[in-house]
Structures are given as C-alpha cells and as structure tokens.
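Undergrad: Following this line is run-v1.tsv, made up of TSV, C-alpha atoms and all ligand atoms:
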chain	number	residue	atom	x	y	z
A	1	MET	CA	98.81	133.81	119.85
A	2	GLY	CA	98.07	130.13	119.42
A	3	PHE	CA	98.38	128.01	116.33
A	4	LEU	CA	94.77	128.74	115.46
A	5	ASP	CA	95.60	132.40	114.99
A	6	ASP	CA	98.67	131.57	112.94
A	7	ALA	CA	96.68	129.18	110.78
A	8	SER	CA	93.92	131.69	110.14
A	9	ASP	CA	96.56	134.22	109.25
A	10	PHE	CA	98.22	132.18	106.52
A	11	ILE	CA	94.99	130.65	105.32
A	12	ASP	CA	93.40	134.06	104.85
A	13	ARG	CA	95.87	134.80	102.10
A	14	GLY	CA	93.94	132.38	99.86
A	15	VAL	CA	97.13	131.34	98.12
A	16	SER	CA	96.07	127.76	97.54
A	17	ALA	CA	92.77	128.68	95.94
A	18	ALA	CA	94.48	131.13	93.62
A	19	LYS	CA	97.02	128.57	92.46
A	20	GLY	CA	94.31	125.99	91.85
A	21	ALA	CA	92.36	128.46	89.73
A	22	VAL	CA	95.37	129.35	87.61
A	23	SER	CA	96.35	125.79	86.75
A	24	ASN	CA	92.72	124.63	86.53
A	25	VAL	CA	93.50	121.65	88.76
A	26	ALA	CA	92.99	121.30	92.44
A	27	CYS	CA	95.12	119.58	95.04
A	28	GLU	CA	91.87	117.80	95.97
A	29	GLN	CA	91.89	116.01	92.61
A	30	LEU	CA	95.31	114.36	92.94
A	31	GLY	CA	95.15	110.56	93.09
A	32	PHE	CA	96.16	110.18	96.71
A	33	MET	CA	93.65	112.85	97.72
A	34	ARG	CA	90.83	111.14	95.89
A	35	ASP	CA	91.61	107.82	97.57
A	36	PHE	CA	91.75	109.51	100.97
A	37	ARG	CA	88.46	111.32	100.40
A	38	ARG	CA	86.81	108.05	99.39
A	39	LEU	CA	88.16	106.32	102.51
A	40	CYS	CA	86.56	108.98	104.70
A	41	ARG	CA	83.26	108.74	102.81
A	42	GLU	CA	83.17	104.94	102.99
A	43	GLY	CA	84.02	105.01	106.69
A	44	ALA	CA	81.23	107.48	107.38
A	45	GLN	CA	78.79	105.41	105.32
A	46	ALA	CA	79.81	102.30	107.28
A	47	GLY	CA	78.80	104.06	110.51
A	48	TYR	CA	82.34	104.22	111.84
A	49	HIS	CA	82.40	108.01	112.33
A	50	GLU	CA	79.65	109.37	114.51
A	51	ARG	CA	80.04	113.12	114.98
A	52	ASN	CA	83.78	113.87	114.77
A	53	GLY	CA	84.79	110.30	115.64
A	54	GLY	CA	87.82	108.76	113.98
A	55	ASN	CA	90.63	110.17	111.87
A	56	ALA	CA	93.04	109.14	109.13
A	57	SER	CA	96.42	109.94	107.66
A	58	TYR	CA	98.38	109.28	104.48
A	59	LEU	CA	102.17	109.45	104.12
A	60	LEU	CA	102.97	111.15	100.81
A	61	THR	CA	105.36	109.50	98.35
A	62	ASP	CA	107.99	111.60	96.55
A	63	GLU	CA	105.75	111.53	93.49
A	64	ASP	CA	102.72	112.72	95.50
A	65	LEU	CA	104.84	115.50	96.92
A	66	ARG	CA	105.96	116.67	93.49
A	67	ALA	CA	102.32	116.82	92.39
A	68	ALA	CA	101.03	118.51	95.55
A	69	ARG	CA	103.81	121.01	96.24
A	70	PRO	CA	102.62	123.63	93.72
A	71	PHE	CA	99.44	123.95	95.78
A	72	PHE	CA	101.18	124.49	99.12
A	73	TYR	CA	100.77	127.82	100.86
A	74	ASP	CA	103.54	130.34	100.37
A	75	TYR	CA	103.43	130.87	104.12
A	76	ALA	CA	103.25	127.68	106.15
A	77	SER	CA	101.96	127.74	109.72
A	78	SER	CA	104.43	128.04	112.57
A	79	TRP	CA	106.03	124.83	113.88
A	80	VAL	CA	104.11	122.90	116.53
A	81	PRO	CA	106.00	120.35	118.64
A	82	LEU	CA	104.98	116.68	118.65
A	83	ALA	CA	104.48	114.99	122.05
A	84	ALA	CA	107.64	112.98	121.36
A	85	PRO	CA	110.16	113.29	118.50
A	86	VAL	CA	109.90	110.73	115.70
A	87	PRO	CA	113.28	110.93	113.91
A	88	ALA	CA	112.20	108.39	111.27
A	89	MET	CA	109.63	110.95	110.09
A	90	ALA	CA	112.12	113.77	109.53
A	91	GLU	CA	111.12	115.89	106.50
A	92	ALA	CA	108.07	113.68	105.73
A	93	PHE	CA	104.81	115.13	104.42
A	94	VAL	CA	101.58	113.68	105.80
A	95	LEU	CA	97.94	114.28	104.91
A	96	LEU	CA	95.72	114.16	108.00
A	97	THR	CA	92.07	114.78	108.81
A	98	ALA	CA	91.47	117.91	110.87
A	99	SER	CA	90.75	118.02	114.57
A	100	GLY	CA	87.01	118.08	115.24
A	101	CYS	CA	86.08	117.51	111.60
A	102	TYR	CA	83.26	115.16	110.69
A	103	LEU	CA	84.77	112.54	108.38
A	104	LYS	CA	81.56	112.55	106.31
A	105	ASN	CA	82.52	116.09	105.19
A	106	VAL	CA	86.08	115.29	104.06
A	107	ALA	CA	85.07	114.09	100.59
A	108	ASP	CA	83.24	117.30	99.65
A	109	GLN	CA	85.40	119.81	101.52
A	110	PRO	CA	88.90	118.39	101.83
A	111	ALA	CA	90.66	121.76	102.07
A	112	GLU	CA	88.58	122.67	105.12
A	113	ASN	CA	88.68	119.23	106.77
A	114	CYS	CA	92.23	118.07	106.09
A	115	ALA	CA	95.79	119.31	106.40
A	116	ILE	CA	99.04	118.38	104.75
A	117	VAL	CA	101.77	118.79	107.35
A	118	GLN	CA	105.52	118.84	106.95
A	119	ILE	CA	107.65	117.27	109.68
A	120	ASP	CA	110.79	119.20	110.62
A	121	PRO	CA	114.35	117.86	110.07
A	122	ALA	CA	114.52	116.55	113.66
A	123	GLY	CA	111.16	114.75	113.43
A	124	ALA	CA	110.08	116.79	116.43
A	125	ALA	CA	107.52	119.26	115.10
A	126	TRP	CA	104.99	119.77	112.31
A	127	ARG	CA	103.68	122.71	110.36
A	128	ALA	CA	100.68	122.90	108.03
A	129	VAL	CA	101.50	123.57	104.37
A	130	TRP	CA	98.06	122.95	102.85
A	131	GLY	CA	94.43	122.70	103.97
A	132	LEU	CA	92.80	123.85	107.23
A	133	ARG	CA	91.23	126.56	105.14
A	134	ALA	CA	88.81	127.38	107.96
A	135	GLY	CA	91.58	127.35	110.57
A	136	GLY	CA	92.10	124.73	113.25
A	137	ARG	CA	94.71	122.01	113.45
A	138	PRO	CA	95.20	118.34	112.49
A	139	THR	CA	93.51	115.50	114.36
A	140	SER	CA	93.93	115.20	118.13
A	141	GLU	CA	95.51	111.81	117.41
A	142	ILE	CA	98.33	113.35	115.34
A	143	ASP	CA	100.92	112.03	117.80
A	144	ALA	CA	99.69	108.45	117.30
A	145	HIS	CA	99.63	108.90	113.51
A	146	ILE	CA	103.13	110.34	113.24
A	147	ALA	CA	104.60	107.86	115.74
A	148	CYS	CA	103.01	104.91	113.90
A	149	HIS	CA	104.12	106.14	110.48
A	150	GLY	CA	107.57	106.40	112.05
A	151	VAL	CA	107.78	102.80	113.25
A	152	ARG	CA	106.39	101.49	109.97
A	153	ARG	CA	108.69	103.69	107.89
A	154	ALA	CA	111.72	102.63	109.93
A	155	ALA	CA	110.78	98.94	109.69
A	156	ASP	CA	109.58	98.29	106.17
A	157	GLY	CA	109.28	101.43	104.12
A	158	GLY	CA	106.00	102.45	105.66
A	159	ALA	CA	102.33	101.73	105.69
A	160	ARG	CA	101.03	104.59	103.60
A	161	VAL	CA	97.69	104.79	105.37
A	162	LEU	CA	96.70	104.84	109.03
A	163	TYR	CA	93.00	104.76	109.76
A	164	HIS	CA	91.27	105.17	113.11
A	165	ALA	CA	87.61	104.11	113.20
A	166	HIS	CA	84.90	103.56	115.81
A	167	PRO	CA	83.06	100.33	114.87
A	168	ALA	CA	80.40	99.68	117.54
A	169	SER	CA	81.31	95.98	117.48
A	170	VAL	CA	84.88	96.69	118.58
A	171	ALA	CA	83.78	98.95	121.45
A	172	ALA	CA	81.25	96.34	122.60
A	173	LEU	CA	83.56	93.33	122.32
A	174	THR	CA	86.39	95.02	124.17
A	175	ALA	CA	83.97	95.80	127.02
A	176	LEU	CA	83.39	92.06	127.41
A	177	VAL	CA	86.88	90.56	127.13
A	178	GLU	CA	90.22	91.40	128.67
A	179	PRO	CA	92.50	93.53	126.44
A	180	ASP	CA	94.79	90.58	125.75
A	181	SER	CA	96.05	90.56	122.15
A	182	ARG	CA	96.29	86.77	121.89
A	183	ALA	CA	92.86	86.13	123.42
A	184	VAL	CA	91.14	88.77	121.28
A	185	THR	CA	92.85	87.53	118.12
A	186	ASN	CA	91.75	83.97	118.91
A	187	LEU	CA	88.17	85.06	119.34
A	188	LEU	CA	88.18	86.90	116.00
A	189	TRP	CA	90.06	84.20	114.09
A	190	ARG	CA	87.91	81.29	115.27
A	191	CYS	CA	84.43	82.72	114.70
A	192	LEU	CA	84.81	83.80	111.08
A	193	THR	CA	86.66	81.85	108.37
A	194	GLU	CA	88.21	84.77	106.49
A	195	SER	CA	89.57	86.53	109.60
A	196	VAL	CA	92.88	84.71	109.47
A	197	VAL	CA	93.17	85.66	105.80
A	198	ALA	CA	92.60	89.35	106.59
A	199	PHE	CA	94.91	89.47	109.62
A	200	PRO	CA	97.17	86.38	109.75
A	201	GLY	CA	99.53	88.22	112.10
A	202	GLY	CA	96.72	88.83	114.59
A	203	VAL	CA	95.61	92.09	116.13
A	204	ALA	CA	96.94	93.96	119.15
A	205	CYS	CA	94.59	95.07	121.90
A	206	LEU	CA	95.41	97.89	124.30
A	207	PRO	CA	93.77	98.66	127.64
A	208	TRP	CA	91.73	101.86	127.81
A	209	MET	CA	93.69	105.11	127.64
A	210	VAL	CA	92.80	108.77	127.21
A	211	PRO	CA	92.17	109.57	123.52
A	212	GLY	CA	94.81	111.80	121.98
A	213	SER	CA	97.25	111.16	124.85
A	214	ALA	CA	100.99	110.72	124.44
A	215	ALA	CA	100.68	107.38	126.29
A	216	LEU	CA	98.15	106.08	123.76
A	217	ALA	CA	100.33	107.28	120.87
A	218	GLU	CA	103.40	105.53	122.27
A	219	ALA	CA	101.59	102.27	123.05
A	220	THR	CA	99.93	102.22	119.63
A	221	ALA	CA	103.23	102.81	117.86
A	222	GLY	CA	104.69	99.89	119.86
A	223	ALA	CA	101.80	97.69	118.75
A	224	LEU	CA	101.98	98.79	115.10
A	225	ALA	CA	105.62	97.70	114.98
A	226	SER	CA	104.37	94.07	114.98
A	227	PHE	CA	100.68	94.26	114.06
A	228	ASP	CA	98.66	95.86	111.27
A	229	ALA	CA	95.83	96.76	113.63
A	230	CYS	CA	95.44	97.75	117.23
A	231	LEU	CA	92.15	97.67	119.14
A	232	TRP	CA	91.60	100.42	121.70
A	233	GLN	CA	89.42	99.19	124.53
A	234	VAL	CA	85.87	100.56	124.50
A	235	HIS	CA	86.95	102.98	121.78
A	236	GLY	CA	87.79	101.62	118.32
A	237	VAL	CA	90.54	100.39	116.05
A	238	PHE	CA	93.72	101.92	114.62
A	239	ALA	CA	94.77	100.15	111.42
A	240	ALA	CA	97.64	100.35	108.95
A	241	GLY	CA	97.52	99.64	105.23
A	242	ASP	CA	99.57	100.06	102.08
A	243	SER	CA	96.54	101.75	100.55
A	244	CYS	CA	93.26	103.30	101.65
A	245	ASP	CA	91.46	100.15	100.50
A	246	GLY	CA	93.87	97.99	102.49
A	247	ALA	CA	93.40	99.92	105.74
A	248	PHE	CA	89.63	100.17	105.29
A	249	GLY	CA	89.29	96.50	104.35
A	250	LEU	CA	91.20	95.48	107.46
A	251	VAL	CA	88.89	97.53	109.67
A	252	GLN	CA	85.85	96.04	107.94
A	253	ALA	CA	87.18	92.51	108.48
A	254	ILE	CA	87.80	93.19	112.18
A	255	ASP	CA	84.38	94.80	112.52
A	256	LYS	CA	82.67	91.84	110.86
A	257	ALA	CA	84.45	89.28	113.05
A	258	ALA	CA	83.79	91.29	116.22
A	259	ALA	CA	80.10	91.56	115.29
A	260	VAL	CA	79.89	87.80	114.70
A	261	ALA	CA	81.66	87.09	118.00
A	262	LEU	CA	79.12	89.29	119.78
A	263	GLN	CA	76.15	87.68	118.02
A	264	VAL	CA	77.35	84.19	118.89
A	265	ARG	CA	77.85	85.25	122.46
A	266	ALA	CA	74.45	86.89	122.64
A	267	VAL	CA	72.71	83.78	121.33
A	268	ALA	CA	74.81	81.14	123.04
A	269	GLY	CA	75.08	82.97	126.36
A	270	ASP	CA	77.39	80.98	128.58
A	271	GLY	CA	76.95	77.89	126.43
A	272	ALA	CA	79.83	77.03	124.12
A	273	PRO	CA	79.20	77.49	120.39
A	274	VAL	CA	78.76	74.20	118.52
A	275	PHE	CA	81.57	75.06	116.16
A	276	ARG	CA	84.70	77.20	116.31
A	277	LEU	CA	87.68	77.00	113.98
A	278	ALA	CA	90.40	74.86	115.57
A	279	ASP	CA	94.18	75.30	115.34
A	280	GLY	CA	94.31	72.82	112.48
A	281	ASP	CA	91.65	74.72	110.53
A	282	LEU	CA	93.50	78.02	110.92
A	283	ARG	CA	96.76	76.36	109.85
A	284	ALA	CA	95.02	74.81	106.83
A	285	ILE	CA	93.69	78.20	105.70
A	286	ALA	CA	97.11	79.80	106.18
A	287	ALA	CA	98.78	76.98	104.22
A	288	ALA	CA	96.19	77.13	101.42
A	289	TYR	CA	96.71	80.87	100.95
A	290	ASP	CA	100.39	80.98	101.85
A	291	LEU	CA	99.81	83.38	104.75
A	292	PRO	CA	102.31	84.23	107.51
A	293	LEU	CA	100.23	82.88	110.41
A	294	ASN	CA	101.23	84.13	113.85
A	295	GLU	CA	101.69	80.68	115.45
A	296	ALA	CA	102.36	82.23	118.85
A	297	PHE	CA	98.72	83.36	118.96
A	298	LEU	CA	97.15	79.91	118.42
A	301	LIG	O1	89.07	112.15	116.15
A	301	LIG	O2	88.30	109.52	117.34
A	301	LIG	O3	90.15	109.21	119.17
A	301	LIG	C1	88.34	111.85	117.30
A	301	LIG	C2	88.75	110.53	117.81
A	301	LIG	C3	89.75	110.50	118.88
A	302	ZN	ZN	88.61	107.74	118.42
Translate this file's structure into structure tokens.
TA:
Amino acid sequence: MGFLDDASDFIDRGVSAAKGAVSNVACEQLGFMRDFRRLCREGAQAGYHERNGGNASYLLTDEDLRAARPFFYDYASSWVPLAAPVPAMAEAFVLLTASGCYLKNVADQPAENCAIVQIDPAGAAWRAVWGLRAGGRPTSEIDAHIACHGVRRAADGGARVLYHAHPASVAALTALVEPDSRAVTNLLWRCLTESVVAFPGGVACLPWMVPGSAALAEATAGALASFDACLWQVHGVFAAGDSCDGAFGLVQAIDKAAAVALQVRAVAGDGAPVFRLADGDLRAIAAAYDLPLNEAFL
C-alpha cells in the first residue's frame, strides 16, 4: 500500500466537498488560495509551465490556517518522510502544487491539482490534509520547497511563496555560461537597468542536478539562505517572495534580463556590446532607490 492508495482512501470520503457545500464557501475561495491560483495561471500564460513543468508552494499564516482548517479532511493521509528533516518547519502547513499536475489547471481545479500538507512535530514528515482529490501526492520538488521554507522561516520569518518556473531564457543562458553566481548576476545586472532594482542581492546559480533530488533540495536551500532566487542550470529558476506577486515578479525580471542577455549575445556574437552598465551605474541605481546592493558581486 503506497501513499497513493492511502490518499485515494481518504479522498473518497468526500469530506471536504461536503463541508464546502454546508457552509456555502470553498477552501478554494480563501484569499491565499486565490492568490496562489492566479500565480499558477499567470505562470502558465507566461509560458513558464510546459506540460507539468514547474511547481509552487505557500506557507500558511496562522490566520490562513484558521480559515482553512474547517475544510480539512477528517482523515488525513498517512505520514510520508521528507528526504531530510527540516526542524524549522515543525507543525507548519504548506499549500503545494501536485506532482505531475499542469499548472494551467490549478486555477480551475485547485482541489485536484494542489495539496495542503501538515509537517509533523519533528519537521521530518508530511501528510496531506486537503486537496489531491484525484489522488496522487505533492510536487516532486517538495523536499526543495520544505527545505527552503525552513531556511527562510529560521532566518527572517519566512518567504511565504516559493515558485519554480521554466523560463526558456534561463535554460538557454545557463547552457552558455558557467554556473557561477557572481558572473551570472553580473550579466543580468549589466544588460537591463531595472535588474538591480528587482534583485539587488543578486541571484544564485547552481550546476545541473537531477530534478527532485535530495542534493538539489539541499543546495537550493543553501542558496535561498542568502538569495531570493536560484537558477538551476539548463532547467529553470526557484524564487522566493513575500507574496505571489513578489515571487512571480522576480521570476519575470530574471526572465526578461536573461532574454536580453541572450539577444545581445546573438546579435553581437563575440563582439562586445557598445554599452553595459558599469559598477558606478549599478551603485547609482542602488543609492537612488536605497537598495541593499550586493557589493561582493560587482
Ligand atoms: O514539477 O519542474 O523540476 C516538475 C518540475 C521538476
Ligand atoms: Zn522544473
């Protein structure tokens, strides 16, 4: 008996649907759910989610939890261990997209394409308390999501949203340059004026790793301790935000800069561009907007 069987078992009881009908509200209509559904729709419309590409998560606040709890199943799934314990996430509740789901379908069918999971008191396992109405399990990148929420929660009270997208520009650019965080940040900062405004701390860039692996989860959590976004070589980007708009906007800004860098490279070939932002320009923008520029990356 795998988790799939357990999930189908508790989901077949239809408890959530019944509760929604009685109160004439749906978990899907809660504010955090609506934001999350819109994030998935916007990401799909932006072309970031071919097939089942990409995934997202949202760390519930106490207020969200109070609003959502009445919709939770009476019988949660059985506990499933995480690849590595994340003590900072003990007892947290996290909304995640489902494994294999197409993000374009999340907005219309959240209960089938998402799960709310509860983390156990040791931060070592999760169980589904809502969603997955058609069975299945949360995203294959759940270990990266929980580990990253953990480092952010431990450091600064958390980035509510983690968003993994597949912009073509990021896959292409990281095929052309070494996965060096400083070099990649420089490229993105210097080819587009607003880049330094969107990510003054820079971006991390990891070498290629197997998607969904414990190694990728651990390395991404390490990167997210210091950066708001981490590029995965020839794969995509994993970004943190205080809101769905914040995480999505950051990915858009990285996508735009990566696309410009590629266009300049395609046109200029080996020739140097006529203009790139210099250190002084980046410092001037940071000073004008009072941004915490990562000087070590200049
Ligand atoms: O959810 O994008 O990295 C599918 C993926 C894995
Ligand atoms: Zn991916």
Undergrad: Could you list, as an MDAnalysis selection string, all the residues within 9 Å of ligand ZN 302 (chain A), counting only C-alpha atoms and all ligand atoms?
TA: chainID A and resid 49 52:55 141 164:166 211:212 232 235:238
Undergrad: Smallest atom-to-atom distance to ligand LIG 301 (chain A): which of A:Leu103, A:Val274, A:Leu173, A:Ala128, using only C-alpha atoms and all ligand atoms?
TA: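 Of A:Leu103, A:Val274, A:Leu173, A:Ala128, the one nearest ligand LIG 301 (chain A) is A:Leu103, counting only C-alpha atoms and all ligand atoms.
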Undergrad: Just checking: using all atoms listed in the file, which residue out of A:Ala147, A:Leu231, A:Val117, A:Ala175 ends up closest to ligand LIG 301 (chain A)?
TA: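 For ligand LIG 301 (chain A), the nearest of the given residues is A:Leu231.
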Undergrad: In Å, how far is it from atom CA of Val129 of chain A to atom CA of Val251 of chain A?
TA: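 Computing it gives 29.4 Å between the two atoms.
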Undergrad: What gap, in Å, lies between atom CA of Pro87 of chain A and atom CA of Trp126 of chain A?
TA: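 Between these atoms lies a distance of 12.2 Å.
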Undergrad: Atom CA of Ile119 of chain A to atom CA of Leu250 of chain A: how many Å, to one decimal?
TA: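 So the two atoms, atom CA of Ile119 of chain A and atom CA of Leu250 of chain A, lie 27.4 Å apart.
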Undergrad: Which residues, written as a compact mmCIF listing (two decimals) with C-alpha atoms, keeping the file's coordinate frame, have at least one atom at most 10 Å from Arg34 of chain A, with all atoms listed in the file counted and residues fewer than 5 positions away on the same chain left out?
TA:
# COMPACT_ATOMS: atom_id res chain seq x y z
CA CYS A 27 95.12 119.58 95.04
CA GLU A 28 91.87 117.80 95.97
CA GLN A 29 91.89 116.01 92.61
CA LEU A 39 88.16 106.32 102.51
CA ALA A 107 85.07 114.09 100.59
CA PRO A 110 88.90 118.39 101.83
Undergrad: For a quick check of understanding, using only C-alpha atoms, which of A:Glu218, A:Glu178, A:Asp143, A:Asp242 has the smallest distance to Gly158 of chain A?
TA: A:Asp242
Undergrad: With distances taken over all atoms listed in the file, which residue among A:Ala56, A:Ala261, A:Ala229, A:Val86 lies nearest ligand LIG 301 (chain A)?
TA: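 Among A:Ala56, A:Ala261, A:Ala229, A:Val86, it is A:Ala56 that comes nearest to ligand LIG 301 (chain A).
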Undergrad: Quick one: of A:Ala259, A:Ala76, A:Ala171, A:Val210, who's nearest to ligand LIG 301 (chain A), counting all atoms listed in the file?
TA: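 Nearest candidate to ligand LIG 301 (chain A) out of A:Ala259, A:Ala76, A:Ala171, A:Val210: A:Val210.
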Undergrad: Between A:Ala88, A:Val177, A:Ala172, A:Leu187, single out the one closest to Pro273 of chain A, counting all atoms listed in the file.
TA: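 Of all the options, A:Leu187 lies closest to Pro273 of chain A.
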Undergrad: Could you pull the residues within 12 Å of Asp228 of chain A, counting all atoms listed in the file, minus those fewer than 6 positions along the same chain, as a CSV table (one decimal) with C-alpha atoms, in the coordinates of the input?
TA:
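File produced: selection-v4.csv:
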chain,number,residue,atom,x,y,z
A,148,CYS,CA,103.0,104.9,113.9
A,149,HIS,CA,104.1,106.1,110.5
A,151,VAL,CA,107.8,102.8,113.2
A,152,ARG,CA,106.4,101.5,110.0
A,158,GLY,CA,106.0,102.4,105.7
A,159,ALA,CA,102.3,101.7,105.7
A,160,ARG,CA,101.0,104.6,103.6
A,161,VAL,CA,97.7,104.8,105.4
A,162,LEU,CA,96.7,104.8,109.0
A,163,TYR,CA,93.0,104.8,109.8
A,198,ALA,CA,92.6,89.4,106.6
A,199,PHE,CA,94.9,89.5,109.6
A,200,PRO,CA,97.2,86.4,109.8
A,201,GLY,CA,99.5,88.2,112.1
A,202,GLY,CA,96.7,88.8,114.6
A,203,VAL,CA,95.6,92.1,116.1
A,204,ALA,CA,96.9,94.0,119.2
A,205,CYS,CA,94.6,95.1,121.9
A,220,THR,CA,99.9,102.2,119.6
A,221,ALA,CA,103.2,102.8,117.9
A,222,GLY,CA,104.7,99.9,119.9
A,237,VAL,CA,90.5,100.4,116.0
A,238,PHE,CA,93.7,101.9,114.6
A,239,ALA,CA,94.8,100.2,111.4
A,240,ALA,CA,97.6,100.4,109.0
A,241,GLY,CA,97.5,99.6,105.2
A,242,ASP,CA,99.6,100.1,102.1
A,246,GLY,CA,93.9,98.0,102.5
A,247,ALA,CA,93.4,99.9,105.7
A,248,PHE,CA,89.6,100.2,105.3
A,249,GLY,CA,89.3,96.5,104.4
A,250,LEU,CA,91.2,95.5,107.5
A,251,VAL,CA,88.9,97.5,109.7
A,254,ILE,CA,87.8,93.2,112.2
Undergrad: May I have the protein, DNA and RNA residues with an atom at most 10 Å from (114.1, 115.8, 104.2), counting all atoms listed in the file in the file's coordinates, returned as an NGL selection string?
TA: :A and (89-93 or 118-123)
Undergrad: Hey, can you spit out that residue selection with C-alpha atoms as a JSON list (two decimals), in the coordinates of the input?
TA:
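File written: again29.json
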[["chain", "number", "residue", "atom", "x", "y", "z"],
["A", 89, "MET", "CA", 109.63, 110.95, 110.09],
["A", 90, "ALA", "CA", 112.12, 113.77, 109.53],
["A", 91, "GLU", "CA", 111.12, 115.89, 106.50],
["A", 92, "ALA", "CA", 108.07, 113.68, 105.73],
["A", 93, "PHE", "CA", 104.81, 115.13, 104.42],
["A", 118, "GLN", "CA", 105.52, 118.84, 106.95],
["A", 119, "ILE", "CA", 107.65, 117.27, 109.68],
["A", 120, "ASP", "CA", 110.79, 119.20, 110.62],
["A", 121, "PRO", "CA", 114.35, 117.86, 110.07],
["A", 122, "ALA", "CA", 114.52, 116.55, 113.66],
["A", 123, "GLY", "CA", 111.16, 114.75, 113.43]]
Undergrad: (89.3, 115.0, 101.4) in this file's frame - what residues fall within 9 Å of it? Use all atoms listed in the file and give the answer as JSON, numbers by chain.
TA: {"A": [28, 33, 34, 35, 36, 37, 38, 39, 40, 41, 97, 103, 105, 106, 107, 108, 109, 110, 111, 112, 113, 114]}
